[in-house]
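Quick notes on the structure that follows.
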Amino acid sequence: MIKLYIDLISKELSIAPWQVEHTIELFQDGATIPFISRYRKERTGSLDEVQIFEIKQFYQKFEELEKRKKSVIESIDSQGKLTEELLERIGQIVDIQQLEDLYLPFRPKRKTRASIAKSRGLEPLAEKLLSGRVNDIFAEAKRFIVDEVPDVETALCGARDIIAERISDTEKVRGELRGYMLQRGYVTSKESRSGDKVEEAYKFKNYFDYNEKVTTIPSHRILAILRASSLGVLNAKIDINSDTAHTIIKRNFIPSNINYSKAQYEQIELAVDDSYKRLIHPSLENEIFNILKEKADVEAIRVFGDNLRQLLLSPPVGQKRTLAIDPGFRTGCKVVCLDAQGKLLANETIYPHPPVNEKIQAMKKISRLVESYKIEVIAIGNGTAGRETEAFIKRIALPREVRVYSVSEDGASVYSASAISREEFPDYDVTVRGAVSIGRRLMDPLAELVKIDPKSIGVGQYQHDVDQKMLKEKLDSIVESCVNSVGVNLNTASKHLLSYVSGIGPQLAAGIVEYRENNGPFASREEIKNVKRVGDKVFEQCAGFLRIPTAENPLDNSAVHPERYDLVRKIAADCGVSVKELIDNEGVRSTIKLDRYVDEKVGLPTLNDIMAELAKPGRDPRSIIKVFEFSDEVQSLEDVKPGMVLPGIVTNITNFGAFVDIGIKQNGLIHISQLSDSYVSNPADILKIHQQLQVKVLSVDYDREKIALTLKGL
């Protein structure tokens with residue numbers, strides 16, 4: 001990586017150049033973000049996953065820039081116009097738009113008004129007009145009259161077209177105008193009268209006559225405006241002061257040392273006005289919208305990623321024998337029983353609700369299933385008929401103490417119809433698969449949710465409008481981070497979960513599962529090297545994130561990397577104990593002086609991580625799940641009244657507030673201004689996904705089915 005880029009990344013992220021350089025070297029060596037952040041702290045100066053991900057993004061961006069530079073250089077060189085000065089300038093560019101501005105005069109153009117004028121021989125007239133060395137511009141224009149240029153005005157118009165294109169191609173003009181539009185421009189939107197999208201238009205009525213500074217418009221608003229524009233219900237523009245724009249163009253294009261005649265200057269001013277209105281403003285307007293869109297995408301994806309991380313790391317109930325219910329009215333409730341490892345044992349359908357109302361039969365079935373399969377917990381989907389089913393289950397006198405949980409159904413239908421679910425349950429329909437997914441989500445949300453496209457999980461906003469490549473890269477990184485931070489049981493994990501382990505991927509994950517099925521459980525981490533295509537590099541990347549609870553070596557069930565096993569054995573030997581005794585005896589560990597073990601490869605960050613892991617080997621970092629109950633007062637929107645204080649669960653967090661499930665179909669919104677009595681800049685600083693809380697109802701719009709909530713005064 002070129003030093004110029006390393007220095008820029010260093011400045012942008014406020015970290016040392018050597019940290020950037022070492023991190024990029026690790027990427028080039030095939031290391032993953034979780035591996036680098038966990039096991040290469042000395043190389044990176046203990047950079048966290050967010051910083052490492054940002055370095056990777058910059059690295060990829062500059063790699064693309066280098067490819068574009070090469071293409072531009074080849075194009076200019078093929079025209080015989082490449083100079084040493086130009087080559088040096090291109091080498092110093094670090095912004096793609098600056099490169100495109102420089103390249104614009106050299107870019108091969110399609111047929112334009114200027115190219116047509118040139119083909120008619122009018123370029124010399126444009127040159128004379130710009131030079132100021134013509135006494136009578138109209139007399140000069142007459143000299144260019146031919147069949148295709150029948151009169152003076154046609155000749156002058158063609159010359160102006162050539163000048164207008166030159167103005168538009170001028171790097172300094174575009175650069176300063178772009179900066180002015182970014183700093184002083186306004187995003188404006190008006191209702192479009194062209195189309196009959198009444199329903200879509202109603203959703204965006206707040207933007208029918210709207211304007212906001214480019215510098216302050218938040219991501220969710222620009223995404224809303226751009227979506228409405230794409231639907232044809234809004235006309236969006238970037239407005240600036242046109243007089244100032246003309247001044248900027250003249251300052252950067254018209255030489256100050258030429259005294260133009262009035263007639264010449266009028267022609268140049270006409271060219272300036274035409275260039276601005278026809279060429280520059282539309283082009284820069286698109287660029288500004290693209291810049292705003294990219295910034296909005298980054299912010300929306302960041303919020304989505306934060307929400308996804310919280311959701312994936314939701315507390316699991318653990319390995320419990322589970323009865324799961326996918327509720328329904330007319331079609332009944334699909335019931336499944338799962339063992340502690342999530343294996344499907346039985347499935348039934350009950351009809352406790354209208355129109356069938358077989359309550360007694362349903363109660364008997366549930367009681368029998370709970371007793372037969374020694375059920376410990378019940379998971380009930382929170383979709384249609386969820387509240388009614390939960391109330392029904394709680395009325396049953398079950399033969400054992402069983403905890404009942406409401407579980408989010410977001411994405412369950414996507415999973416149940418997916419190739420993954422068909423592969424897992426080829427002999428069952430989508431309703432059974434959906435119920436299984438609900439039960440497994442309760443047992444281990446992370447292991448189940450990795451099977452679903454993150455965009456379908458219900459914690460994003462405008463996820464279908466943002467850059468899909470950027471979104472996928474970020475969300476995959478979040479999933480990978482969560483999976484590796486928790487760790488994966490090598491002997492029970494599905495291939496979908498294993499595929500997110502550092503260095504493994506889908507193909508190796510399938511190979512690991514196949515090896516496990518053919519040879520039985522892995523006895524040690526080292527045994528994974530017997531799997532086809534698992535070499536030293538793959539083992540290095542994945543081993544520390546794999547767990548084997550039954551392994552003879554207790555370190556195989558910890559986050560201690562195998563490359564540090566000898567170090568742990570030495571520490572244990574120096575203390576006169578075995579590795580197991582070192583793990584079990586906090587008193588022994590407290591006497592260790594870590595400075596003794598620092599060398600050129602291992603520093604205190606790694607040693608501190610090792611000691612922290614020895615204190616809790618294999619422990620799940622996720623918190624403990626809590627049972628939650630909604631208010632019995634509220635069963636539908638009509639039951640919600642202003643002033644009510646209700647229990648709720650946070651389901652989604654955005655830049656403008658948080659959505660809360662209060663036990664009915666419609667979620668309520670706590671606007672950012674209602675999150676606290678003091679100023680809040682980021683809702684995520686106050687709330688977390690699946691957080692349980694009390695909210696107060698501010699207002700209810702029954703027609704639009706909108707509920708406004710507040711945390712103020714609670």
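Chain labels A, B, ... are given in the sequence in which chains occur in the structure tokens; within each chain residues are numbered consecutively from 1, and ligands are likewise numbered from 1 in the order shown.
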
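Within the 9 Å cut-off around A:Val335, using only C-alpha atoms and omitting residues fewer than 2 positions from it on the same chain, the listed residues are Leu323, Ala324, Ile325, Asp326, Pro327, Cys333, Cys337, Ala346, Asn347, Glu348, Thr349, Ile350, Ile366, Val432, Ala435 and Val436 of chain A.
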
Atoms kept (N, CA, C and O atoms) for selection, written as a CSV table (one decimal), in the first residue's frame:
chain,number,residue,atom,x,y,z
A,323,LEU,N,-40.8,-26.5,23.8
A,323,LEU,CA,-42.0,-26.6,23.0
A,323,LEU,C,-42.2,-25.3,22.4
A,323,LEU,O,-42.2,-24.2,23.0
A,324,ALA,N,-42.3,-25.3,21.0
A,324,ALA,CA,-42.4,-24.0,20.3
A,324,ALA,C,-43.7,-24.0,19.5
A,324,ALA,O,-44.2,-25.0,19.0
A,325,ILE,N,-44.3,-22.8,19.5
A,325,ILE,CA,-45.6,-22.6,18.8
A,325,ILE,C,-45.5,-21.5,17.8
A,325,ILE,O,-45.1,-20.4,18.1
A,326,ASP,N,-46.0,-21.8,16.6
A,326,ASP,CA,-46.2,-20.8,15.6
A,326,ASP,C,-47.7,-20.5,15.6
A,326,ASP,O,-48.5,-21.3,15.0
A,327,PRO,N,-48.1,-19.4,16.2
A,327,PRO,CA,-49.6,-19.2,16.4
A,327,PRO,C,-50.3,-18.9,15.1
A,327,PRO,O,-49.8,-18.4,14.1
A,333,CYS,N,-52.6,-23.4,15.5
A,333,CYS,CA,-51.2,-23.2,16.0
A,333,CYS,C,-50.4,-24.4,15.7
A,333,CYS,O,-50.7,-25.5,16.2
A,337,CYS,N,-41.9,-30.0,19.4
A,337,CYS,CA,-41.1,-30.3,20.5
A,337,CYS,C,-39.7,-30.5,20.1
A,337,CYS,O,-39.4,-31.3,19.1
A,346,ALA,N,-41.3,-34.0,17.8
A,346,ALA,CA,-42.7,-34.2,17.5
A,346,ALA,C,-43.3,-32.9,17.0
A,346,ALA,O,-42.8,-31.8,17.3
A,347,ASN,N,-44.4,-33.0,16.3
A,347,ASN,CA,-45.2,-31.8,15.9
A,347,ASN,C,-46.7,-32.1,15.9
A,347,ASN,O,-47.1,-33.3,15.6
A,348,GLU,N,-47.4,-31.1,16.2
A,348,GLU,CA,-48.9,-31.2,16.3
A,348,GLU,C,-49.5,-29.9,15.8
A,348,GLU,O,-48.8,-28.9,15.7
A,349,THR,N,-50.8,-29.9,15.6
A,349,THR,CA,-51.5,-28.7,15.4
A,349,THR,C,-52.7,-28.6,16.3
A,349,THR,O,-53.4,-29.6,16.5
A,350,ILE,N,-52.8,-27.4,17.0
A,350,ILE,CA,-54.0,-27.2,17.9
A,350,ILE,C,-54.8,-26.0,17.4
A,350,ILE,O,-54.3,-25.2,16.7
A,366,ILE,N,-51.3,-30.0,24.7
A,366,ILE,CA,-50.1,-29.3,25.2
A,366,ILE,C,-49.6,-30.0,26.5
A,366,ILE,O,-48.4,-30.2,26.7
A,432,VAL,N,-44.2,-26.2,10.0
A,432,VAL,CA,-43.4,-26.9,11.0
A,432,VAL,C,-42.0,-26.3,11.1
A,432,VAL,O,-41.5,-26.1,12.2
A,435,ALA,N,-42.1,-23.1,13.1
A,435,ALA,CA,-42.2,-23.3,14.6
A,435,ALA,C,-40.9,-23.8,15.1
A,435,ALA,O,-40.5,-23.4,16.2
A,436,VAL,N,-40.1,-24.6,14.4
A,436,VAL,CA,-38.8,-25.1,14.8
A,436,VAL,C,-37.9,-23.9,15.0
A,436,VAL,O,-37.1,-23.7,15.9

Task: Residues near stretch 208-224 of chain A, cut-off 10 Å, only C-alpha atoms, skip fewer than 2 positions along chain, as a ChimeraX atom specification - done: /A:181-192,201-206,226-230,233-239,288-289,292-300,461-462,465-466,654-656

TODO: Determine, counting only C-alpha atoms, which protein, DNA and RNA residues have an atom within 7 Å of an atom of A:Gly318; residues of the same chain fewer than 2 positions away are not included. Present the result as a PyMOL selection string.
DONE: chain A and resi 316+320+443-444

Write the residues of the preceding selection, restricted to all heavy atoms, as a JSON list (two decimals), in the first residue's frame.
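Contents of selection_11.json, as written:
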[["chain", "number", "residue", "atom", "x", "y", "z"],
["A", 316, "PRO", "N", -29.50, -16.15, 25.24],
["A", 316, "PRO", "CA", -30.12, -17.44, 24.91],
["A", 316, "PRO", "C", -30.70, -18.08, 26.17],
["A", 316, "PRO", "O", -30.22, -17.83, 27.27],
["A", 316, "PRO", "CB", -28.93, -18.25, 24.40],
["A", 316, "PRO", "CG", -27.76, -17.72, 25.20],
["A", 316, "PRO", "CD", -28.05, -16.26, 25.47],
["A", 320, "LYS", "N", -32.23, -26.24, 26.49],
["A", 320, "LYS", "CA", -33.43, -26.63, 27.25],
["A", 320, "LYS", "C", -34.38, -27.38, 26.32],
["A", 320, "LYS", "O", -34.48, -27.06, 25.13],
["A", 320, "LYS", "CB", -34.15, -25.39, 27.80],
["A", 320, "LYS", "CG", -33.29, -24.46, 28.64],
["A", 320, "LYS", "CD", -33.07, -25.00, 30.03],
["A", 320, "LYS", "CE", -32.35, -23.97, 30.90],
["A", 320, "LYS", "NZ", -32.03, -24.52, 32.24],
["A", 443, "MET", "N", -33.62, -20.86, 22.18],
["A", 443, "MET", "CA", -32.51, -21.63, 22.73],
["A", 443, "MET", "C", -31.17, -20.94, 22.46],
["A", 443, "MET", "O", -30.32, -20.81, 23.34],
["A", 443, "MET", "CB", -32.50, -23.03, 22.13],
["A", 443, "MET", "CG", -33.77, -23.82, 22.45],
["A", 443, "MET", "SD", -33.91, -25.33, 21.46],
["A", 443, "MET", "CE", -32.65, -26.35, 22.21],
["A", 444, "ASP", "N", -30.97, -20.50, 21.20],
["A", 444, "ASP", "CA", -29.72, -19.85, 20.82],
["A", 444, "ASP", "C", -29.99, -18.93, 19.63],
["A", 444, "ASP", "O", -29.92, -19.36, 18.48],
["A", 444, "ASP", "CB", -28.66, -20.88, 20.45],
["A", 444, "ASP", "CG", -27.27, -20.26, 20.27],
["A", 444, "ASP", "OD1", -27.19, -19.04, 20.08],
["A", 444, "ASP", "OD2", -26.28, -21.00, 20.31]]

Open item on the list: Using only C-alpha atoms, which protein or nucleic acid residues come within 12 Å of A:Ala16? Drop anything in the same chain fewer than 2 positions from it, and give the result as JSON, numbers by chain.
Closed with: {"A": [6, 7, 8, 9, 10, 11, 12, 13, 14, 18, 19, 20, 21, 22, 23, 43, 44, 45, 46, 47, 51, 55]}

Open item on the list: According to DSSP computed on the backbone, where in stretch 285-494 of chain A is there alpha helix (DSSP H)? Give the residues as a PyMOL selection string.
Closed with: chain A and resi 285-312+359-372+386-394+412-416+419-424+430-443+445-449+468-486

TODO: Could you tell me how far atom CA of A:Asp273 lies from atom CA of A:Ile116, in Å and to one decimal?
DONE: 19.7 Å

Open item on the list: Which residues are near stretch 376-384 of chain A? Cut-off 8 Å, only C-alpha atoms, ignore same chain within fewer than 5 positions. Put them as a list in words.
Closed with: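 Near neighbours after the sequence-gap exclusion: Lys320, Arg321, Thr322, Leu323, Ala324, Ile325, Asp326, Pro327, Gly328, Phe329, Val370, Thr389, Glu390, Glu401, Val402, Arg403, Val404, Tyr405, Ser406, Val407, Ser408, Glu409, Ala435, Ile438, Gly439, Leu442 and Lys665 of chain A.
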
Same residues, C-alpha atoms, output as an mmCIF file, in the first residue's frame:
data_model
loop_
_atom_site.group_PDB
_atom_site.id
_atom_site.type_symbol
_atom_site.label_atom_id
_atom_site.label_comp_id
_atom_site.auth_asym_id
_atom_site.auth_seq_id
_atom_site.Cartn_x
_atom_site.Cartn_y
_atom_site.Cartn_z
ATOM 1 C CA LYS A 320 -33.430 -26.634 27.247
ATOM 2 C CA ARG A 321 -36.090 -29.053 26.080
ATOM 3 C CA THR A 322 -38.388 -26.689 24.224
ATOM 4 C CA LEU A 323 -41.977 -26.615 23.027
ATOM 5 C CA ALA A 324 -42.386 -23.997 20.283
ATOM 6 C CA ILE A 325 -45.606 -22.616 18.848
ATOM 7 C CA ASP A 326 -46.182 -20.775 15.572
ATOM 8 C CA PRO A 327 -49.574 -19.179 16.385
ATOM 9 C CA GLY A 328 -52.533 -18.781 14.065
ATOM 10 C CA PHE A 329 -56.307 -18.368 14.157
ATOM 11 C CA VAL A 370 -45.006 -31.118 28.042
ATOM 12 C CA THR A 389 -51.858 -18.011 22.310
ATOM 13 C CA GLU A 390 -49.612 -16.863 25.161
ATOM 14 C CA GLU A 401 -42.952 -25.683 36.038
ATOM 15 C CA VAL A 402 -42.409 -24.351 32.538
ATOM 16 C CA ARG A 403 -41.304 -20.823 31.629
ATOM 17 C CA VAL A 404 -43.108 -19.153 28.715
ATOM 18 C CA TYR A 405 -41.372 -16.711 26.360
ATOM 19 C CA SER A 406 -42.575 -14.536 23.492
ATOM 20 C CA VAL A 407 -40.152 -14.813 20.558
ATOM 21 C CA SER A 408 -39.786 -12.478 17.575
ATOM 22 C CA GLU A 409 -40.983 -14.020 14.321
ATOM 23 C CA ALA A 435 -42.193 -23.332 14.560
ATOM 24 C CA ILE A 438 -39.042 -20.003 16.749
ATOM 25 C CA GLY A 439 -38.005 -22.608 19.305
ATOM 26 C CA LEU A 442 -35.154 -18.981 22.055
ATOM 27 C CA LYS A 665 -49.667 -5.515 15.904
#

TODO: Check the smallest atom-to-atom distance from each of A:Ser131, A:Ser494, A:Asn259, A:Thr606 to A:Lys343 using only C-alpha atoms, then report the winner.
DONE: A:Ser494

Open item on the list: From the options A:Arg302, A:Arg278, A:Lys451, A:Arg533, which residue's atoms come nearest to A:Glu424, counting only C-alpha atoms?
Closed with: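 Among A:Arg302, A:Arg278, A:Lys451, A:Arg533, it is A:Lys451 that comes nearest to A:Glu424.
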
TODO: Using only C-alpha atoms, determine which residues lie at most 12 Å from A:Arg516, disregarding the query and same-chain residues fewer than 3 positions distant; provide the list as a list in words.
DONE: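 The contact residues come out as Leu490, Asn491, Thr492, Ala493, Ser494, Lys495, Ala509, Ala510, Gly511, Ile512, Val513, Asn519, Gly520, Pro521, Phe522, Ala523, Glu527, Ile528, Asn530 and Val531 of chain A.
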
Task: Among listed residues A:Lys359, A:Lys593, A:Lys532, A:Lys474, nearest A:Phe53 (using only C-alpha atoms) - done: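 Smallest separation from A:Phe53 among the options: A:Lys474.
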
Task: Distance query A:Glu127 at most 12 Å, only C-alpha atoms, self and fewer than 4 positions along chain excluded, as a PyMOL selection string - done: chain A and resi 118+121-123+131-134+137+140-141+156+158-160+162-163+166+264+268

TODO: Report the distance between atom CA of A:Gly80 and atom CA of A:Phe253 in Å, rounded to one decimal place.
DONE: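 Distance reported for this atom pair: 24.8 Å.
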
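Each of A:Arg68, A:Arg619, A:Lys626, A:Lys142 was compared to A:Val488 using only C-alpha atoms, and A:Arg619 turns out to be the nearest.
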
Open item on the list: Just to confirm, what's the straight-line distance from atom CA of A:Pro642 to atom CA of A:Ala385 in Å (one decimal)?
Closed with: 24.7 Å
